[in-house]
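S.K.: Take a look at structure-v4.txt, compact mmCIF, C-alpha atoms:
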# COMPACT_ATOMS: atom_id res chain seq x y z
CA ILE A 1 116.49 64.36 281.08
CA THR A 2 118.20 64.21 284.47
CA THR A 3 121.74 63.94 285.72
CA GLU A 4 123.07 63.58 289.27
CA PHE A 5 126.49 64.70 290.45
CA ASN A 6 128.97 62.64 292.45
CA PRO A 7 130.50 64.41 294.25
CA ALA A 8 127.81 67.07 294.55
CA PHE A 9 128.49 70.76 293.99
CA GLN A 10 128.90 72.71 297.24
CA LEU A 11 126.52 75.67 297.58
CA GLY A 12 127.55 76.82 301.06
CA PHE A 13 126.04 76.51 304.56
CA GLY A 14 126.00 72.72 304.15
CA PHE A 15 123.80 72.76 301.05
CA THR A 16 124.75 70.90 297.87
CA LEU A 17 123.48 70.69 294.30
CA ASN A 18 123.01 66.96 293.77
CA GLY A 19 121.43 67.00 290.33
CA VAL A 20 119.68 68.94 287.56
CA GLY A 21 117.25 67.98 284.86
CA GLY A 22 114.21 68.90 282.87
CA LEU A 23 111.10 67.73 281.09
CA LEU A 24 109.90 68.60 277.58
CA GLY A 25 106.59 67.41 276.17
CA LEU A 26 105.58 68.19 272.57
CA ASN A 27 101.85 67.90 271.82
CA ARG A 28 101.29 66.92 275.45
CA MET A 29 99.10 68.28 278.23
CA VAL A 30 99.01 67.73 282.00
CA ILE A 31 96.07 66.07 283.79
CA ALA A 32 95.92 67.73 287.21
CA GLU A 33 93.97 64.87 288.85
CA LYS A 34 96.51 62.27 287.68
CA LEU A 35 99.36 64.44 288.92
CA GLN A 36 97.62 64.76 292.30
CA ASP A 37 97.19 60.97 292.46
CA SER A 38 100.93 60.55 291.77
CA VAL A 39 101.66 62.28 295.09
CA LYS A 40 99.83 59.51 296.97
CA THR A 41 101.09 56.57 294.88
CA ASN A 42 104.69 57.86 294.62
CA ALA A 43 104.45 57.89 290.80
CA ILE A 44 105.79 61.43 291.20
CA GLU A 45 109.27 59.87 291.36
CA SER A 46 108.80 58.75 287.74
CA ILE A 47 108.98 62.46 286.88
CA LEU A 48 111.57 63.70 289.38
CA PHE A 49 114.93 61.93 289.11
CA PRO A 50 113.68 58.34 288.62
CA ARG A 51 115.97 55.51 289.75
CA ASP A 52 116.87 52.30 287.88
CA VAL A 53 115.45 53.78 284.69
CA VAL A 54 116.22 50.79 282.45
CA ARG A 55 114.66 48.23 284.81
CA ASN A 56 111.66 50.43 285.64
CA ALA A 57 111.17 51.84 282.10
CA PRO A 58 107.72 50.23 281.46
CA GLN A 59 106.27 51.64 284.69
CA ILE A 60 107.90 55.04 284.23
CA ILE A 61 106.63 55.36 280.64
CA SER A 62 103.15 54.23 281.71
CA ASN A 63 103.06 56.86 284.48
CA LEU A 64 104.25 59.62 282.14
CA GLN A 65 101.69 58.74 279.46
CA ALA A 66 98.86 58.74 282.02
CA ILE A 67 99.85 62.07 283.57
CA PHE A 68 100.84 63.80 280.31
CA PRO A 69 98.50 62.52 277.55
CA VAL A 70 98.55 63.62 273.92
CA LYS A 71 96.97 66.96 272.98
CA GLN A 72 97.80 68.55 269.64
CA GLY A 73 99.10 72.10 269.87
CA SER A 74 99.95 71.90 273.58
CA PHE A 75 103.42 71.56 275.03
CA LEU A 76 105.12 71.24 278.41
CA VAL A 77 108.43 72.47 279.75
CA GLY A 78 109.82 71.90 283.23
CA PRO A 79 113.22 72.54 284.85
CA MET A 80 114.22 70.33 287.80
CA ALA A 81 116.86 70.37 290.53
CA LYS A 82 117.90 68.15 293.43
CA ILE A 83 119.32 69.89 296.50
CA GLY A 84 120.83 68.23 299.55
CA TRP A 85 122.02 69.17 303.02
CA GLY A 86 124.81 67.46 304.88
CA SER A 87 127.66 65.25 303.74
CA PRO A 88 126.48 62.70 302.82
CA SER A 89 123.05 64.26 302.37
CA ILE A 90 120.67 63.50 305.22
CA ILE A 91 118.04 65.80 303.68
CA THR A 92 117.30 65.95 299.94
CA LEU A 93 114.72 67.97 298.02
CA SER A 94 113.87 67.10 294.43
CA LEU A 95 111.94 70.01 292.95
CA GLY A 96 110.42 70.64 289.54
CA VAL A 97 108.28 73.31 287.88
CA ILE A 98 106.08 72.16 284.98
CA ILE A 99 104.49 74.78 282.73
CA GLN A 100 101.79 73.96 280.18
CA LEU A 101 101.30 76.30 277.20
CA PRO A 102 99.37 77.89 275.51
CA ASP A 103 96.55 76.94 277.94
CA VAL A 104 98.52 78.02 280.97
CA LYS A 105 98.75 75.60 283.87
CA ILE A 106 101.66 75.60 286.34
CA GLY A 107 102.65 72.71 288.58
CA ILE A 108 105.29 72.83 291.33
CA LEU A 109 106.12 69.30 292.45
CA GLY A 110 108.67 67.89 294.83
CA VAL A 111 109.89 65.04 296.98
CA LEU A 112 111.46 65.85 300.36
CA LYS A 113 113.42 63.05 302.02
CA MET A 114 115.09 63.03 305.42
CA VAL A 115 116.98 60.24 307.18
CA LEU A 116 118.24 60.78 310.74
CA PRO A 117 120.90 60.31 311.88
CA ASP A 118 122.08 58.40 308.74
CA GLU A 119 121.16 55.56 306.36
CA ASP A 120 122.91 52.92 308.52
CA LEU A 121 120.95 53.88 311.65
CA ALA A 122 117.70 55.39 310.39
CA LEU A 123 115.84 56.32 313.58
CA LEU A 124 113.65 58.62 311.49
CA LYS A 125 112.92 58.08 307.80
CA LEU A 126 110.63 60.70 306.31
CA GLN A 127 109.45 61.20 302.73
CA VAL A 128 106.96 63.93 301.84
CA ASN A 129 105.63 64.11 298.28
CA PHE A 130 103.98 67.41 297.41
CA LEU A 131 102.37 69.22 294.50
CA GLY A 132 101.03 72.71 293.96
CA ILE A 133 98.98 73.60 290.87
CA ILE A 134 97.91 77.00 289.56
CA ASP A 135 95.10 76.61 287.01
CA PRO A 136 93.81 79.98 285.72
CA ALA A 137 91.22 78.34 283.45
CA ALA A 138 89.61 76.51 286.38
CA GLN A 139 90.24 79.53 288.66
CA MET A 140 91.84 77.19 291.19
CA ILE A 141 94.99 76.92 293.30
CA SER A 142 95.57 73.50 294.82
CA PHE A 143 98.20 71.93 297.04
CA ASP A 144 98.54 68.24 297.95
CA ALA A 145 101.08 66.48 300.18
CA ALA A 146 101.41 62.90 301.39
CA LEU A 147 103.76 60.86 303.54
CA PHE A 148 105.22 57.85 301.73
CA ASP A 149 107.41 55.03 303.11
CA SER A 150 108.02 57.00 306.33
CA LYS A 151 109.04 55.24 309.54
CA LEU A 152 110.03 56.00 313.13
CA LEU A 153 112.57 53.74 314.86
CA GLY A 154 112.53 51.47 311.82
CA THR A 155 109.22 49.75 312.64
CA MET A 156 106.59 52.43 313.32
CA THR A 157 104.88 53.61 310.13
CA LEU A 158 103.96 57.29 309.73
CA THR A 159 100.94 58.11 307.57
CA GLY A 160 98.95 61.12 306.47
CA GLN A 161 97.86 63.45 303.69
CA MET A 162 97.22 67.18 303.44
CA LEU A 163 95.39 69.31 300.90
CA LEU A 164 94.48 72.89 300.15
CA ARG A 165 91.94 74.12 297.60
CA LEU A 166 91.45 77.82 296.89
CA LYS A 167 88.90 78.76 294.23
CA TRP A 168 88.21 82.28 293.01
CA GLY A 169 85.78 83.78 290.50
CA ASN A 170 81.98 83.66 290.60
CA ASN A 171 81.85 80.82 293.16
CA PRO A 172 84.82 81.32 295.51
CA ASP A 173 85.58 78.54 297.97
CA PHE A 174 88.31 77.36 300.32
CA ILE A 175 89.20 74.02 301.91
CA PHE A 176 92.19 73.05 304.05
CA SER A 177 92.64 69.63 305.59
CA ALA A 178 95.41 67.69 307.30
CA GLY A 179 94.29 64.09 307.65
CA GLY A 180 90.74 64.31 306.32
CA PHE A 181 87.34 65.50 307.51
CA HIS A 182 84.65 64.90 310.10
CA PRO A 183 82.70 61.71 309.16
CA GLY A 184 79.48 63.69 308.81
CA PHE A 185 80.90 66.45 306.59
CA GLU A 186 80.34 66.60 302.83
CA PRO A 187 82.99 68.79 301.09
CA THR A 188 81.73 71.40 298.64
CA MET A 189 84.38 70.27 296.14
CA ARG A 190 84.98 66.81 294.71
CA LEU A 191 87.72 65.26 296.82
CA LYS A 192 89.04 61.73 297.24
CA LYS A 193 89.21 60.06 300.65
CA MET A 194 92.25 61.17 302.63
CA GLU A 195 94.49 59.15 304.92
CA ARG A 196 94.55 60.29 308.54
CA LEU A 197 97.69 61.72 310.09
CA GLY A 198 98.88 58.88 312.26
CA ILE A 199 101.40 56.38 313.51
CA ARG A 200 101.14 52.60 313.40
CA ILE A 201 103.07 51.46 316.45
CA LEU A 202 102.32 47.80 315.75
CA ASP A 203 100.79 46.47 312.56
CA ASP A 204 100.66 42.72 311.92
CA ASP A 205 98.17 39.84 312.01
CA ASN A 206 98.36 39.31 315.79
CA ALA A 207 98.88 42.82 317.16
CA SER A 208 97.96 46.31 316.04
CA ILE A 209 98.20 49.69 317.76
CA ARG A 210 97.34 52.81 315.75
CA LEU A 211 96.96 56.48 316.65
CA GLU A 212 95.51 58.98 314.18
CA THR A 213 94.17 62.51 313.99
CA TYR A 214 92.86 65.15 311.59
CA PHE A 215 92.17 68.88 311.31
CA ALA A 216 90.12 70.73 308.68
CA LEU A 217 89.01 74.28 308.01
CA THR A 218 86.45 75.58 305.51
CA PRO A 219 84.70 78.98 305.22
CA ASN A 220 81.86 77.75 307.45
CA THR A 221 83.34 74.93 309.56
CA LEU A 222 86.16 73.97 311.92
CA GLN A 223 86.79 70.24 312.32
CA PHE A 224 89.16 68.05 314.29
CA GLY A 225 89.32 64.63 315.87
CA ALA A 226 91.52 61.79 317.04
CA ARG A 227 91.29 58.05 317.50
CA ALA A 228 93.29 55.20 319.03
CA TYR A 229 92.95 51.55 317.97
CA LEU A 230 94.13 48.43 319.79
CA PHE A 231 94.05 44.80 318.64
CA PHE A 232 95.83 41.82 320.13
CA SER A 233 95.25 38.16 319.37
CA PHE A 234 96.86 35.01 320.78
CA ASP A 235 95.80 31.56 319.62
CA GLU A 236 98.87 29.41 320.23
CA TRP A 237 97.36 27.51 323.17
CA ILE A 238 94.13 29.40 323.80
CA ASP A 239 91.89 31.59 321.64
CA PHE A 240 92.36 35.02 323.21
CA THR A 241 91.58 38.40 321.62
CA ILE A 242 91.45 42.00 322.80
CA LYS A 243 90.28 44.83 320.56
CA GLY A 244 88.87 48.29 321.00
CA HIS A 245 89.05 51.93 320.05
CA LEU A 246 88.69 55.32 321.70
CA GLY A 247 88.26 58.64 319.97
CA PHE A 248 86.20 61.71 319.21
CA ASP A 249 85.11 63.84 316.24
CA ALA A 250 84.23 67.54 316.53
CA LEU A 251 82.63 69.85 313.98
CA PHE A 252 81.76 73.50 314.55
CA GLN A 253 79.56 75.24 311.99
CA PHE A 254 79.66 79.03 312.07
CA SER A 255 76.44 80.03 310.24
CA PRO A 256 73.93 79.02 311.40
CA PHE A 257 76.01 78.21 314.45
CA HIS A 258 75.93 74.71 315.87
Can I see the file as structure tokens?
M.R.:
Amino acid sequence: ITTEFNPAFQLGFGFTLNGVGGLLGLNRMVIAEKLQDSVKTNAIESILFPRDVVRNAPQIISNLQAIFPVKQGSFLVGPMAKIGWGSPSIITLSLGVIIQLPDVKIGILGVLKMVLPDEDLALLKLQVNFLGIIDPAAQMISFDAALFDSKLLGTMTLTGQMLLRLKWGNNPDFIFSAGGFHPGFEPTMRLKKMERLGIRILDDDNASIRLETYFALTPNTLQFGARAYLFFSFDEWIDFTIKGHLGFDALFQFSPFH
């Protein structure tokens, strides 16, 4: 259940309360991996203040059923709020807290959107989907974030994902990455391939310029790297192509050091 306010309620210092809502699931559980995937695919918006609900109902229901499948004796509860800044809002934050009981699992999910200077002249359009999960049974704290539909100057696409994994108990472990890992590194936890932090300056069939980077930290390694790609093709009167890339990858292992 969600509702948005027009006009929004003023909270002071330029902040507004744009909407409130909540989620209730009876005999339902949360699948952490599916919820993490929703950050990358933007299915997270099916949970937080979905738009055009009637038209998008089949997709929204499908996403909810995949993320929150049936489990007898389990239930979910989650308050939600949408906060803005500016008038009209140039920054909005949709935030929800989902609690699973009696097998406790807590998820904090959100969508941060920013458009500068305004919707009519969007020099910067930024959307960050994020999710934090506390899972006592798995002895794990995780955080995932991803850029979605983000652009600079209307044509340059911004990309990238970030993750954090903190495991305690008998086999403690830690992984932090912004943009992925060194090509020769095998993570100690099961992780899906990440998208590099980057910008696509040009991206079509005849011309492509991309810049990307990454940084990662584990208990025994420090990793970082960057790469630039160039492709240009012209075949109107003559078959002419230029392509190339330049970059580096660095990995420092602490023990044994190399």
S.K.: What is the distance, in Å and to one decimal place, between atom CA of A:Ala250 and atom CA of A:Phe174?
M.R.: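 Result for atom CA of A:Ala250 versus atom CA of A:Phe174: 19.4 Å, one decimal.
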S.K.: Using Å and a single decimal, report how far atom CA of A:Thr41 sits from atom CA of A:Thr159.
M.R.: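 Here the two named atoms are 12.8 Å from each other.
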S.K.: Go through A:Gln127, A:Ser233, A:Gln161, A:Gln36 and flag the residue nearest A:Asn206, using only C-alpha atoms for the distances.
M.R.: A:Ser233
S.K.: For A:Ser74, which of A:Pro187, A:Pro102, A:Gly247, A:Gly12 is the closest residue, counting only C-alpha atoms?
M.R.: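 The answer is A:Pro102, which sits nearest to A:Ser74.
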S.K.: Would you write out, as CSV, a table of all residues in stretch 206-246 of chain A that have an atom no more than 12 Å from an atom of stretch 134-157 of chain A, listing for each the closest atom pair and the distance in Å to one decimal, considering only C-alpha atoms and ordering rows by chain and rising residue number?
M.R.:
residue,atom,partner,partner_atom,distance
A:Ser208,CA,A:Met156,CA,10.9
A:Ile209,CA,A:Met156,CA,9.9
A:Arg210,CA,A:Thr157,CA,9.4
A:Leu211,CA,A:Thr157,CA,10.7
A:Glu212,CA,A:Thr157,CA,11.5
S.K.: So the first atom is atom CA of A:Pro172 and the second is atom CA of A:Ile67; what is the distance between them in Å, to one decimal place?
M.R.: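 Here the two named atoms are 27.2 Å from each other.
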S.K.: With all atoms listed in the file as the counted atoms, please give the residues lying no more than 7 Å from A:Trp85, apart from itself and same-chain residues fewer than 2 positions off, as a ChimeraX atom specification.
M.R.: /A:14-16,87,89-92
S.K.: List as a PyMOL selection string the protein and nucleic acid residues near A:Gly25, meaning an atom at most 12 Å away when all atoms listed in the file are counted, but skip any in the same chain fewer than 5 places from it.
M.R.: chain A and resi 1+30+64-65+67-78+98-101
S.K.: For A:Lys113, which residue among A:Gly169, A:Gly132, A:Gly84, A:Gly198 is the nearest when counting all atoms listed in the file?
M.R.: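 With all atoms listed in the file as the atom set, the closest residue is A:Gly84.
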S.K.: Check the smallest atom-to-atom distance from each of A:Asn171, A:Thr2, A:Thr221, A:Asn63 to A:Pro79 using only C-alpha atoms, then report the winner.
M.R.: A:Thr2
